[in-house]
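Pasted below: model-v2.txt, compact mmCIF, C-alpha atoms and all ligand atoms.
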# COMPACT_ATOMS: atom_id res chain seq x y z
CA MET A 1 54.16 28.54 28.37
CA VAL A 2 54.42 26.04 31.24
CA ASN A 3 52.03 23.73 29.41
CA ASP A 4 54.01 24.04 26.20
CA ALA A 5 57.18 22.90 27.99
CA LEU A 6 55.34 19.99 29.59
CA LEU A 7 53.78 19.03 26.26
CA LYS A 8 57.23 18.90 24.70
CA ASP A 9 58.55 16.75 27.57
CA VAL A 10 55.59 14.38 27.22
CA GLU A 11 56.20 14.06 23.48
CA ASP A 12 59.89 13.39 24.16
CA GLU A 13 58.90 10.64 26.62
CA LEU A 14 56.62 9.05 24.04
CA GLY A 15 59.48 9.07 21.54
CA ARG A 16 61.89 7.31 23.90
CA GLY A 17 62.66 3.56 23.91
CA PRO A 18 59.62 1.40 24.79
CA TRP A 19 61.56 -0.49 27.50
CA ARG A 20 62.03 2.56 29.72
CA LEU A 21 59.83 2.94 32.79
CA ARG A 22 60.80 6.00 34.82
CA PHE A 23 60.15 9.35 33.17
CA ALA A 24 62.38 12.42 33.24
CA ASN A 25 62.01 14.22 36.59
CA HIS A 26 59.57 16.89 35.40
CA VAL A 27 57.11 14.41 33.87
CA GLU A 28 57.66 11.89 36.69
CA ALA A 29 56.61 14.54 39.21
CA HIS A 30 53.39 15.16 37.22
CA PHE A 31 52.76 11.44 36.91
CA GLU A 32 53.08 10.89 40.65
CA ALA A 33 51.03 13.98 41.50
CA ASP A 34 48.20 12.92 39.17
CA THR A 35 48.12 9.23 40.06
CA GLN A 36 49.33 9.07 43.67
CA ARG A 37 45.98 9.32 45.45
CA GLN A 38 44.25 6.70 43.32
CA ARG A 39 47.26 4.40 43.38
CA SER A 40 47.44 4.49 47.18
CA ARG A 41 43.74 3.65 47.43
CA ASN A 42 44.05 0.78 44.97
CA MET A 43 47.04 -0.61 46.86
CA VAL A 44 45.22 -0.39 50.18
CA ALA A 45 42.20 -2.23 48.74
CA ALA A 46 44.48 -4.93 47.33
CA GLY A 47 46.31 -5.09 50.66
CA LEU A 48 43.09 -5.62 52.62
CA ILE A 49 42.00 -8.50 50.39
CA SER A 50 45.45 -10.07 50.62
CA ALA A 51 45.50 -9.69 54.42
CA LEU A 52 42.17 -11.50 54.65
CA ILE A 53 43.34 -14.39 52.48
CA TYR A 54 46.67 -14.58 54.31
CA SER A 55 44.78 -14.91 57.61
CA LEU A 56 42.47 -17.57 56.16
CA PHE A 57 45.52 -19.79 55.70
CA LEU A 58 45.14 -20.45 59.45
CA VAL A 59 42.52 -23.05 58.47
CA ASN A 60 45.26 -24.77 56.51
CA ASP A 61 47.69 -24.52 59.41
CA PHE A 62 45.11 -26.05 61.74
CA SER A 63 44.27 -28.94 59.42
CA PHE A 64 47.71 -30.27 58.45
CA ARG A 65 50.20 -28.93 61.02
CA PRO A 66 48.41 -28.60 64.37
CA ASP A 67 51.79 -28.67 66.18
CA ALA A 68 52.56 -25.18 64.77
CA PHE A 69 49.03 -23.80 65.03
CA THR A 70 49.73 -21.61 68.06
CA THR A 71 52.80 -20.16 66.37
CA ALA A 72 50.75 -19.62 63.22
CA VAL A 73 48.01 -17.76 65.13
CA ALA A 74 50.59 -15.64 66.95
CA LEU A 75 52.46 -14.75 63.76
CA ARG A 76 49.60 -14.40 61.26
CA ALA A 77 47.06 -12.70 63.53
CA GLY A 78 49.39 -11.23 66.16
CA VAL A 79 52.19 -9.90 63.96
CA MET A 80 51.37 -9.88 60.23
CA LEU A 81 47.83 -8.55 60.57
CA PRO A 82 48.59 -5.55 62.86
CA VAL A 83 51.80 -4.70 60.99
CA GLY A 84 50.06 -5.02 57.61
CA LEU A 85 47.01 -3.00 58.65
CA SER A 86 49.20 -0.26 60.16
CA ILE A 87 51.13 -0.02 56.89
CA LEU A 88 47.90 0.14 54.88
CA TRP A 89 46.56 2.90 57.14
CA TRP A 90 49.79 4.81 56.71
CA VAL A 91 49.69 4.46 52.94
CA TYR A 92 46.02 5.46 52.89
CA ARG A 93 46.76 8.65 54.84
CA GLY A 94 49.38 9.57 52.24
CA VAL A 95 53.14 9.15 52.11
CA SER A 96 55.70 10.03 49.45
CA PRO A 97 55.86 7.64 46.46
CA PRO A 98 59.16 5.95 47.47
CA VAL A 99 57.94 5.45 51.06
CA ARG A 100 54.67 4.02 49.75
CA GLU A 101 56.51 1.49 47.59
CA ILE A 102 58.97 0.56 50.37
CA LEU A 103 56.14 0.06 52.87
CA MET A 104 54.11 -2.10 50.51
CA ALA A 105 57.20 -4.10 49.47
CA SER A 106 57.97 -4.67 53.14
CA THR A 107 54.59 -6.42 53.56
CA VAL A 108 55.69 -8.91 50.87
CA ILE A 109 58.98 -9.64 52.65
CA CYS A 110 57.30 -9.76 56.07
CA ALA A 111 54.69 -12.27 54.77
CA THR A 112 57.45 -14.44 53.31
CA VAL A 113 59.43 -14.45 56.57
CA ILE A 114 56.36 -15.28 58.65
CA SER A 115 55.24 -18.06 56.30
CA CYS A 116 58.74 -19.52 56.39
CA VAL A 117 58.91 -19.45 60.20
CA ILE A 118 55.52 -21.17 60.45
CA PHE A 119 56.38 -23.97 58.04
CA ALA A 120 59.82 -24.48 59.58
CA SER A 121 58.45 -24.61 63.12
CA SER A 122 56.35 -27.69 62.29
CA THR A 123 57.53 -31.25 61.97
CA ALA A 124 54.23 -32.42 60.50
CA PRO A 125 54.85 -34.59 57.43
CA TYR A 126 53.18 -32.22 54.95
CA SER A 127 54.18 -28.85 56.41
CA TYR A 128 56.74 -28.25 53.68
CA LEU A 129 54.01 -28.44 51.01
CA ASP A 130 53.15 -24.93 52.11
CA VAL A 131 56.34 -23.72 50.40
CA PHE A 132 54.61 -24.27 47.03
CA SER A 133 52.04 -21.64 47.99
CA PHE A 134 54.72 -18.96 48.64
CA GLY A 135 54.50 -17.96 45.01
CA LEU A 136 51.13 -16.39 45.91
CA ILE A 137 52.96 -13.82 47.99
CA LEU A 138 54.91 -12.79 44.90
CA VAL A 139 51.67 -12.70 42.89
CA VAL A 140 50.30 -10.21 45.43
CA GLY A 141 53.39 -7.97 45.38
CA ASN A 142 54.01 -8.05 41.65
CA ILE A 143 50.50 -8.23 40.20
CA VAL A 144 47.81 -7.58 42.77
CA TYR A 145 49.33 -4.43 44.33
CA PRO A 146 51.31 -4.11 41.88
CA LEU A 147 54.58 -2.61 43.18
CA ARG A 148 56.64 -0.39 40.86
CA PHE A 149 58.98 -2.63 38.89
CA GLY A 150 62.20 -1.78 40.75
CA TYR A 151 60.60 -2.48 44.14
CA ALA A 152 58.94 -5.64 42.81
CA LEU A 153 62.32 -6.89 41.60
CA VAL A 154 64.05 -6.26 44.93
CA SER A 155 61.24 -7.65 47.09
CA SER A 156 60.97 -10.77 44.87
CA ALA A 157 64.71 -11.38 45.04
CA LEU A 158 64.77 -10.98 48.84
CA SER A 159 61.71 -13.22 49.27
CA ILE A 160 63.31 -15.97 47.15
CA LEU A 161 66.58 -15.73 49.11
CA ILE A 162 64.77 -15.93 52.46
CA ALA A 163 62.49 -18.78 51.37
CA SER A 164 65.43 -20.69 49.82
CA ALA A 165 67.42 -20.37 53.04
CA PHE A 166 64.54 -21.88 55.04
CA VAL A 167 63.86 -24.61 52.47
CA VAL A 168 67.47 -25.68 52.19
CA THR A 169 67.91 -25.95 55.97
CA TYR A 170 64.56 -27.71 56.60
CA ASP A 171 65.50 -31.37 57.15
CA PRO A 172 62.08 -33.10 56.87
CA MET A 173 61.79 -31.92 53.26
CA PRO A 174 63.10 -34.31 50.58
CA THR A 175 65.84 -32.88 48.36
CA GLU A 176 63.75 -33.36 45.21
CA ALA A 177 60.91 -31.36 46.78
CA LYS A 178 63.37 -28.64 47.85
CA ARG A 179 64.67 -28.34 44.29
CA LEU A 180 61.19 -28.26 42.84
CA ALA A 181 59.99 -25.69 45.41
CA ILE A 182 62.87 -23.30 44.74
CA PHE A 183 62.53 -23.71 40.98
CA THR A 184 58.77 -23.07 41.19
CA LEU A 185 59.38 -19.97 43.24
CA LEU A 186 61.96 -18.68 40.75
CA ALA A 187 59.68 -19.34 37.78
CA ASN A 188 56.84 -17.64 39.63
CA ALA A 189 59.02 -14.60 40.24
CA VAL A 190 60.03 -14.40 36.57
CA PHE A 191 56.46 -14.68 35.27
CA THR A 192 55.02 -12.20 37.73
CA LEU A 193 57.86 -9.74 37.16
CA VAL A 194 57.27 -9.83 33.40
CA ALA A 195 53.59 -9.14 34.03
CA ASN A 196 54.53 -6.41 36.52
CA TYR A 197 56.79 -4.70 33.99
CA ARG A 198 54.07 -4.79 31.33
CA LEU A 199 51.46 -3.41 33.72
CA GLU A 200 53.65 -0.48 34.74
CA ARG A 201 54.69 0.22 31.17
CA SER A 202 51.13 0.30 29.91
CA GLU A 203 49.97 2.42 32.87
CA ARG A 204 52.71 4.93 32.13
CA LEU A 205 52.06 4.95 28.39
CA SER A 206 48.33 5.50 28.87
CA TYR A 207 49.13 8.33 31.26
CA LEU A 208 51.38 10.01 28.68
CA HIS A 209 48.74 9.71 25.95
CA VAL A 210 45.98 11.10 28.15
CA LEU A 211 48.18 13.94 29.41
CA ARG A 212 49.21 14.84 25.86
CA GLU A 213 45.57 15.02 24.76
CA LYS A 214 44.66 17.12 27.79
CA LEU A 215 47.50 19.56 27.14
CA ARG A 216 46.68 19.80 23.44
CA THR A 217 43.02 20.42 24.18
CA GLY A 218 43.98 23.02 26.79
CA ASN A 219 46.16 24.88 24.27
CA TYR A 220 43.44 24.67 21.67
CA LEU A 221 40.86 26.12 24.07
CA LYS A 222 43.31 28.85 25.12
CA ASP A 223 43.91 29.81 21.47
CA ASN A 224 40.16 29.92 20.89
CA GLU A 225 39.70 32.12 23.94
CA VAL A 226 42.34 34.56 22.69
CA LEU A 227 40.77 34.61 19.23
CA SER A 228 37.29 35.20 20.54
CA GLN A 229 38.62 37.96 22.85
CA LEU A 230 40.32 39.60 19.87
CA SER A 231 37.15 39.42 17.82
CA LEU A 232 35.27 41.30 20.56
CA THR A 233 37.83 44.04 21.20
CA ASP A 234 38.66 47.24 19.34
CA PRO A 235 42.39 47.01 18.56
CA LEU A 236 43.08 50.77 18.75
CA THR A 237 41.55 51.48 22.16
CA ASN A 238 41.15 48.02 23.68
CA LEU A 239 37.53 48.87 24.41
CA ALA A 240 34.70 46.51 23.53
CA ASN A 241 33.82 46.68 19.83
CA ARG A 242 30.46 46.79 18.07
CA ARG A 243 30.21 42.99 17.98
CA GLN A 244 30.62 42.71 21.75
CA PHE A 245 28.11 45.51 22.18
CA ASP A 246 25.51 43.62 20.13
CA VAL A 247 25.96 40.46 22.22
CA GLU A 248 26.00 42.31 25.55
CA PHE A 249 23.13 44.62 24.65
CA ALA A 250 20.84 41.70 23.77
CA THR A 251 21.67 40.00 27.09
CA ARG A 252 21.20 43.11 29.22
CA TRP A 253 18.00 44.01 27.41
CA ARG A 254 16.58 40.58 28.18
CA GLU A 255 17.66 40.87 31.84
CA ALA A 256 16.12 44.31 32.14
CA VAL A 257 12.83 43.03 30.71
CA GLU A 258 12.86 40.08 33.13
CA LYS A 259 13.76 42.15 36.20
CA ASN A 260 11.74 45.16 35.07
CA THR A 261 14.68 47.50 35.60
CA TRP A 262 15.76 50.53 33.57
CA ILE A 263 18.38 50.39 30.89
CA GLY A 264 20.46 53.36 29.79
CA LEU A 265 22.62 54.18 26.82
CA MET A 266 25.05 57.05 26.17
CA VAL A 267 26.21 57.77 22.64
CA ILE A 268 29.38 59.89 22.82
CA ASP A 269 30.95 61.67 19.86
CA ILE A 270 34.16 63.72 19.83
CA ASP A 271 33.49 67.29 18.75
CA HIS A 272 35.26 68.67 15.69
CA PHE A 273 37.47 65.66 15.40
CA LYS A 274 37.93 66.19 11.68
CA ALA A 275 39.57 69.53 12.47
CA TYR A 276 41.83 67.78 15.00
CA ASN A 277 42.80 65.11 12.50
CA ASP A 278 43.40 67.57 9.70
CA HIS A 279 45.60 69.72 11.92
CA TYR A 280 47.65 67.07 13.77
CA GLY A 281 47.49 64.14 11.36
CA HIS A 282 45.96 60.69 11.63
CA PRO A 283 48.53 59.07 13.99
CA GLN A 284 48.05 61.80 16.60
CA GLY A 285 44.31 61.50 16.01
CA ASP A 286 44.64 57.84 16.97
CA ASP A 287 46.53 58.84 20.09
CA CYS A 288 43.75 61.27 21.01
CA LEU A 289 41.16 58.49 20.53
CA ARG A 290 43.15 56.28 22.92
CA GLN A 291 43.31 59.03 25.59
CA VAL A 292 39.59 59.71 25.30
CA ALA A 293 38.80 55.97 25.47
CA ASN A 294 40.98 55.55 28.53
CA ALA A 295 39.35 58.45 30.34
CA MET A 296 35.89 57.07 29.60
CA ARG A 297 36.89 53.66 30.90
CA LEU A 298 38.27 55.19 34.10
CA HIS A 299 35.18 57.31 34.72
CA SER A 300 32.55 54.63 34.08
CA ARG A 301 31.15 52.17 36.60
CA SER A 302 32.65 48.70 36.36
CA ALA A 303 29.19 47.31 35.55
CA ASP A 304 28.90 49.58 32.49
CA LEU A 305 30.18 48.49 29.09
CA VAL A 306 32.28 51.11 27.28
CA VAL A 307 32.34 50.52 23.53
CA ARG A 308 34.10 52.07 20.57
CA PHE A 309 31.24 52.08 18.14
CA GLY A 310 33.28 53.17 15.16
CA GLY A 311 35.38 56.19 14.16
CA GLU A 312 35.20 58.81 16.90
CA GLU A 313 31.90 57.55 18.29
CA PHE A 314 31.62 55.68 21.57
CA VAL A 315 28.77 54.11 23.50
CA VAL A 316 28.34 53.40 27.21
CA LEU A 317 25.76 50.76 28.04
CA MET A 318 24.47 51.29 31.56
CA ALA A 319 22.80 48.50 33.48
CA GLU A 320 19.96 49.40 35.88
CA ALA A 321 20.26 53.09 35.00
CA SER A 322 17.44 55.34 36.14
CA PRO A 323 17.27 58.87 34.66
CA GLU A 324 18.57 60.18 38.00
CA ALA A 325 21.65 57.97 37.79
CA ALA A 326 22.29 58.32 34.03
CA GLU A 327 22.45 62.14 33.98
CA PRO A 328 25.38 62.52 36.39
CA ALA A 329 27.13 59.55 34.78
CA ALA A 330 26.98 61.22 31.35
CA GLU A 331 28.06 64.55 32.79
CA ARG A 332 31.00 62.85 34.51
CA ILE A 333 32.16 61.48 31.14
CA ARG A 334 31.79 64.85 29.41
CA CYS A 335 33.74 66.61 32.19
CA CYS A 336 36.54 64.07 32.29
CA ILE A 337 37.24 64.46 28.57
CA GLU A 338 37.27 68.24 28.82
CA ALA A 339 39.56 67.93 31.84
CA LEU A 340 42.14 66.09 29.72
CA GLN A 341 42.85 69.50 28.14
CA ILE A 342 43.94 68.01 24.81
CA ALA A 343 44.50 71.05 22.60
CA ASN A 344 42.49 71.16 19.36
CA ALA A 345 44.33 73.94 17.54
CA GLY A 346 42.64 72.79 14.33
CA LEU A 347 39.44 74.34 15.63
CA SER A 348 40.81 77.54 17.19
CA SER A 349 43.69 78.52 19.39
CA GLY A 350 42.92 77.67 23.01
CA ALA A 351 40.23 75.09 22.02
CA VAL A 352 40.40 71.66 23.66
CA VAL A 353 38.97 68.29 22.70
CA THR A 354 35.42 67.85 24.01
CA VAL A 355 32.58 65.40 23.53
CA SER A 356 28.84 65.60 23.06
CA VAL A 357 26.72 62.97 24.75
CA GLY A 358 23.24 61.74 23.88
CA VAL A 359 21.55 59.77 26.65
CA ALA A 360 18.45 57.57 26.53
CA VAL A 361 17.01 55.66 29.48
CA LEU A 362 13.86 53.59 29.64
CA PRO A 363 12.23 50.63 31.32
CA PRO A 364 12.28 47.87 28.65
CA ALA A 365 8.99 46.53 29.91
CA MET A 366 7.19 49.44 28.26
CA GLY A 367 7.17 47.49 24.98
CA MET A 368 9.91 49.15 22.92
CA THR A 369 12.39 47.17 20.90
CA ALA A 370 16.09 47.11 21.69
CA ASP A 371 16.84 49.21 18.59
CA ASP A 372 14.47 51.96 19.74
CA ILE A 373 16.72 52.96 22.62
CA LEU A 374 19.69 53.24 20.24
CA SER A 375 17.86 55.56 17.90
CA HIS A 376 16.62 57.67 20.84
CA ALA A 377 20.19 58.06 22.12
CA ASP A 378 21.32 58.99 18.57
CA GLN A 379 18.62 61.65 18.37
CA ALA A 380 19.71 63.01 21.75
CA LEU A 381 23.31 63.20 20.50
CA TYR A 382 22.17 65.06 17.40
CA GLN A 383 20.37 67.51 19.68
CA ALA A 384 23.50 68.00 21.83
CA LYS A 385 25.54 68.70 18.68
CA ARG A 386 22.91 71.03 17.31
CA LEU A 387 22.84 73.04 20.52
CA GLY A 388 26.55 73.77 20.35
CA ARG A 389 28.47 70.56 21.37
CA ASN A 390 30.38 69.84 24.60
CA ARG A 391 27.12 69.07 26.34
CA ILE A 392 24.82 66.19 27.20
CA TRP A 393 21.25 65.83 26.05
CA MET A 394 18.96 63.43 27.72
CA THR A 395 15.87 61.83 26.30
CA ASN A 396 13.37 59.74 28.17
CA PRO A 397 11.23 57.81 25.70
CA ALA A 398 8.99 56.72 28.55
CA ASP A 399 7.75 60.29 28.78
CA ASP A 400 5.46 60.50 25.73
CA SER A 401 4.40 64.12 26.28
CA THR A 402 7.62 65.40 24.64
CA GLU A 403 10.08 63.58 22.41
CA ASP A 404 13.08 64.92 24.31
CA ASP A 405 13.38 65.69 27.94
CA ALA A 406 14.46 69.30 28.16
CA THR A 407 15.48 68.87 31.80
CA GLY A 408 18.38 66.64 30.75
CA GLY A 409 19.31 68.77 27.84
CA SER A 410 19.29 72.27 29.15
CA ASP A 411 22.40 74.06 27.91
CA SER A 412 23.18 75.86 31.07
CA ALA A 413 22.89 72.80 33.29
CA TYR A 414 25.03 70.37 31.26
CA GLN A 415 27.58 72.30 29.38
N1 LIG B 501 42.75 59.33 13.70
C1 LIG B 501 41.60 58.73 13.45
N2 LIG B 501 40.58 59.44 12.95
C2 LIG B 501 39.41 58.85 12.72
C3 LIG B 501 39.23 57.48 12.98
N3 LIG B 501 37.94 57.17 12.66
C4 LIG B 501 37.35 58.30 12.21
N4 LIG B 501 38.24 59.31 12.24
C5 LIG B 501 38.07 60.68 11.83
O1 LIG B 501 37.07 61.30 12.61
C6 LIG B 501 36.59 62.42 11.88
C7 LIG B 501 35.11 62.52 12.03
O2 LIG B 501 34.70 63.70 11.47
P1 LIG B 501 33.22 64.15 11.35
O3 LIG B 501 32.31 62.94 11.24
O4 LIG B 501 33.11 65.15 10.24
O5 LIG B 501 32.87 64.80 12.69
P2 LIG B 501 33.59 65.92 13.54
O6 LIG B 501 34.65 66.64 12.81
O7 LIG B 501 34.02 65.29 14.80
O8 LIG B 501 32.43 66.91 13.81
P3 LIG B 501 31.25 66.75 14.82
O9 LIG B 501 31.10 65.26 15.14
O10 LIG B 501 30.06 67.31 14.12
O11 LIG B 501 31.61 67.52 16.03
C8 LIG B 501 37.05 62.20 10.43
O12 LIG B 501 38.09 63.10 10.12
C9 LIG B 501 37.58 60.79 10.42
O13 LIG B 501 38.66 60.65 9.51
C10 LIG B 501 40.33 56.75 13.49
O14 LIG B 501 40.26 55.54 13.75
N5 LIG B 501 41.47 57.40 13.72

Output the file's structure as structure tokens, nothing else.
Amino acid sequence: MVNDALLKDVEDELGRGPWRLRFANHVEAHFEADTQRQRSRNMVAAGLISALIYSLFLVNDFSFRPDAFTTAVALRAGVMLPVGLSILWWVYRGVSPPVREILMASTVICATVISCVIFASSTAPYSYLDVFSFGLILVVGNIVYPLRFGYALVSSALSILIASAFVVTYDPMPTEAKRLAIFTLLANAVFTLVANYRLERSERLSYLHVLREKLRTGNYLKDNEVLSQLSLTDPLTNLANRRQFDVEFATRWREAVEKNTWIGLMVIDIDHFKAYNDHYGHPQGDDCLRQVANAMRLHSRSADLVVRFGGEEFVVLMAEASPEAAEPAAERIRCCIEALQIANAGLSSGAVVTVSVGVAVLPPAMGMTADDILSHADQALYQAKRLGRNRIWMTNPADDSTEDDATGGSDSAYQ
């Protein structure tokens, strides 16, 4: 449901005008949440490289304006570096998206101010040439970081204003050079802002496409899961159906062979259900099946698989079931159905719905096939029916002296 709403929002965003950057709030929040961590890391890496190069400009300062070298060292290494590194550390630790952009944009403005102060504090003949390198600061902010477009626009505009103010008031610089420097800076800002806009637009578009595919795939997988769950469930009782039994039985049989543990199977059949159906009608018969199924589910171990095998026949597949454990489990099921006290007036007045249970347990390692245990449980059920119903009959195929184990099937003990 949530994903469906998001998918619709994403498709709406993809249908909007190609010039738009910011998404609607819901999608924008997802975009930031999904990209924030990586974006902060990328910006910090770009910031570290830029800080290194900015500091290396000291070589330049030393070579052509030694009169301002001390100021340059103090400002580049004593101010810009610690301020810049502190901001990068802050961003790396994690801040909200607007704070991240403001902090990173402030490094652009700070670098511009410091570069301006250094060049203006020198009277060396070529100091003003440095102004032509200021465009690199905009390249860092708009392309190397790159800032989000709005922040790039503001930081570029402020940087140009600051640099222009220094250039215009710097007397040693010829007017022609001043004009050219400001024009170069403006052109640089325009080019890098166009590139910045394109970068952000394509990042956002790619994000939308990837998110849409993820959401579609997620829905597809969810639908498949629901379908496969439906194909394994009996719709009337919500118990496992025969198909699920076949899959689960094969797995548990293999596990039992590997671990050399016992496996147990109960086949449970409602007694005189035809009489019930004929008397009360099919819909009430369905209701009775649901009550019986529910009681069996409640009185089975969570590790056991309760299955509606078909009609009024059920199966309980017991993992690691020794004869000692299977007998009381089967008796518990028989008792709980009788305890429901569902009248079966179709049989006789005062009669209630009961079940007969055939139980087979064996260690799979003894060389039988998986189908053998099923047919042994069926034979045990037949025996329970033959002996009067509402009872359990237990067979232990491992005991080859007798086909059926009379201990488990004695009428008096298990009726
Ligand atoms: N209401 C309902 N009845 C079902 C369903 N599936 C099977 N039955 C009925 O279950 C009854 C099974 O009857 P029989 O196989 O003769 O067995 P029985 O009457 O229970 O007798 P015993 O098993 O020998 O005790 C039939 O009347 C079927 O119509 C079902 O999904 N819903």

Considering only C-alpha atoms and all ligand atoms, state which residue in the set A:Ala181, A:Leu289, A:Ala29, A:Val83 is at the smallest distance from ligand LIG 501 (chain B).
-> A:Leu289

One-decimal distance in Å that lies between CA of Thr192 in chain A and CA of Tyr151 in chain A =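 It comes out at 12.9 Å.
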
Quick one: distance from atom O6 of ligand LIG 501 (chain B) to CA of Asp271 in chain A in Å, one decimal?
->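 So the answer is 6.1 Å.
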
Produce as a PyMOL selection string the set of residues near ligand LIG 501 (chain B), where near means within 6 Å with all atoms listed in the file considered.
-> chain A and resi 269-275+277+282-283+285-286+311-312

Report as CSV the residues of range 140-200 of chain A within 10 Å of range 46-58 of chain A, each with its shortest atom pair and distance in Å (one decimal), using all atoms listed in the file, ordered by chain and increasing residue number.
residue,atom,partner,partner_atom,distance
A:Val140,CA,A:Ser50,CA,7.1
A:Gly141,CA,A:Gly47,CA,9.3
A:Ile143,CA,A:Ala46,CA,9.9
A:Val144,CA,A:Ala46,CA,6.2
A:Tyr145,CA,A:Ala46,CA,5.7
A:Pro146,CA,A:Ala46,CA,8.8

Closest to Phe69 in chain A among A:Thr184, A:Ser375, A:Thr175, A:Ser121, using only C-alpha atoms?
-> A:Ser121

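Closest to Met43 in chain A among A:Ala325, A:Val91, A:Ile114, A:Leu158 is A:Val91, based on all atoms listed in the file.
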
Using only C-alpha atoms, determine which residues lie at most 8 Å from range 207-210 of chain A, disregarding the query and same-chain residues fewer than 4 positions distant; provide the list as a list in words.
->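 Final neighbour list, sorted by chain and number: Val10, Glu13, Leu14, Phe31, Glu203 and Lys214 of chain A.
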
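In this model, the gap between CA of Thr35 in chain A and CA of Leu138 in chain A comes to 23.5 Å.
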
Write out as an NGL selection string each polymer residue whose atoms come within 9 Å of Trp90 in chain A, counting all atoms listed in the file; drop sequence neighbours fewer than 5 positions from it.
-> :A and (85 or 95 or 100 or 103)

Any idea what's packed within 10 Å of Ala111 in chain A, counting all atoms listed in the file, ignoring anything in its chain fewer than 6 positions away? Could you give it as a VMD selection string?
-> chain A and resid 51 54 75 to 76 79 to 81 84 117 134 137 to 138 159

Prev. selection, C-alpha atoms, output as a PDB file, keeping the file's coordinate frame:
ATOM      1  CA  ALA A  51      45.500  -9.690  54.420  1.00  0.00           C
ATOM      2  CA  TYR A  54      46.670 -14.580  54.310  1.00  0.00           C
ATOM      3  CA  LEU A  75      52.460 -14.750  63.760  1.00  0.00           C
ATOM      4  CA  ARG A  76      49.600 -14.400  61.260  1.00  0.00           C
ATOM      5  CA  VAL A  79      52.190  -9.900  63.960  1.00  0.00           C
ATOM      6  CA  MET A  80      51.370  -9.880  60.230  1.00  0.00           C
ATOM      7  CA  LEU A  81      47.830  -8.550  60.570  1.00  0.00           C
ATOM      8  CA  GLY A  84      50.060  -5.020  57.610  1.00  0.00           C
ATOM      9  CA  VAL A 117      58.910 -19.450  60.200  1.00  0.00           C
ATOM     10  CA  PHE A 134      54.720 -18.960  48.640  1.00  0.00           C
ATOM     11  CA  ILE A 137      52.960 -13.820  47.990  1.00  0.00           C
ATOM     12  CA  LEU A 138      54.910 -12.790  44.900  1.00  0.00           C
ATOM     13  CA  SER A 159      61.710 -13.220  49.270  1.00  0.00           C
TER      14      SER A 159
END

Taking (35.0, 66.1, 31.4) in the file's coordinates as the center, which residues reach within 10 Å of it, counting only C-alpha atoms, put as a ChimeraX atom specification?
-> /A:292,295-296,299,330-341,353-355,390-391,415

Just the selected residues (C-alpha atoms), exported as a JSON list (two decimals), in the frame of the given file, please.
[["chain", "number", "residue", "atom", "x", "y", "z"],
["A", 292, "VAL", "CA", 39.59, 59.71, 25.30],
["A", 295, "ALA", "CA", 39.35, 58.45, 30.34],
["A", 296, "MET", "CA", 35.89, 57.07, 29.60],
["A", 299, "HIS", "CA", 35.18, 57.31, 34.72],
["A", 330, "ALA", "CA", 26.98, 61.22, 31.35],
["A", 331, "GLU", "CA", 28.06, 64.55, 32.79],
["A", 332, "ARG", "CA", 31.00, 62.85, 34.51],
["A", 333, "ILE", "CA", 32.16, 61.48, 31.14],
["A", 334, "ARG", "CA", 31.79, 64.85, 29.41],
["A", 335, "CYS", "CA", 33.74, 66.61, 32.19],
["A", 336, "CYS", "CA", 36.54, 64.07, 32.29],
["A", 337, "ILE", "CA", 37.24, 64.46, 28.57],
["A", 338, "GLU", "CA", 37.27, 68.24, 28.82],
["A", 339, "ALA", "CA", 39.56, 67.93, 31.84],
["A", 340, "LEU", "CA", 42.14, 66.09, 29.72],
["A", 341, "GLN", "CA", 42.85, 69.50, 28.14],
["A", 353, "VAL", "CA", 38.97, 68.29, 22.70],
["A", 354, "THR", "CA", 35.42, 67.85, 24.01],
["A", 355, "VAL", "CA", 32.58, 65.40, 23.53],
["A", 390, "ASN", "CA", 30.38, 69.84, 24.60],
["A", 391, "ARG", "CA", 27.12, 69.07, 26.34],
["A", 415, "GLN", "CA", 27.58, 72.30, 29.38]]

May I have the residues within 10 Å of range 230-235 of chain A as a VMD selection string, using only C-alpha atoms and disregarding those fewer than 4 positions away in the same chain?
-> chain A and resid 224 to 226 239 to 245 247 307 to 310

Can you tell me, as a compact mmCIF listing (two decimals) with C-alpha atoms, in the frame of the given file, which residues sit within 8 Å of (29.2, 53.5, 23.9) in the file's frame, using all atoms listed in the file?
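See part12.txt below for the written result:
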# COMPACT_ATOMS: atom_id res chain seq x y z
CA LEU A 265 22.62 54.18 26.82
CA MET A 266 25.05 57.05 26.17
CA VAL A 267 26.21 57.77 22.64
CA ILE A 268 29.38 59.89 22.82
CA LEU A 305 30.18 48.49 29.09
CA VAL A 306 32.28 51.11 27.28
CA VAL A 307 32.34 50.52 23.53
CA ARG A 308 34.10 52.07 20.57
CA PHE A 309 31.24 52.08 18.14
CA GLU A 313 31.90 57.55 18.29
CA PHE A 314 31.62 55.68 21.57
CA VAL A 315 28.77 54.11 23.50
CA VAL A 316 28.34 53.40 27.21
CA LEU A 317 25.76 50.76 28.04

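For the residues A:Gln284, A:Gln36, A:Asn396, A:Ser156, ranking by smallest atom-to-atom distance to Ala343 in chain A using only C-alpha atoms places A:Gln284 first.
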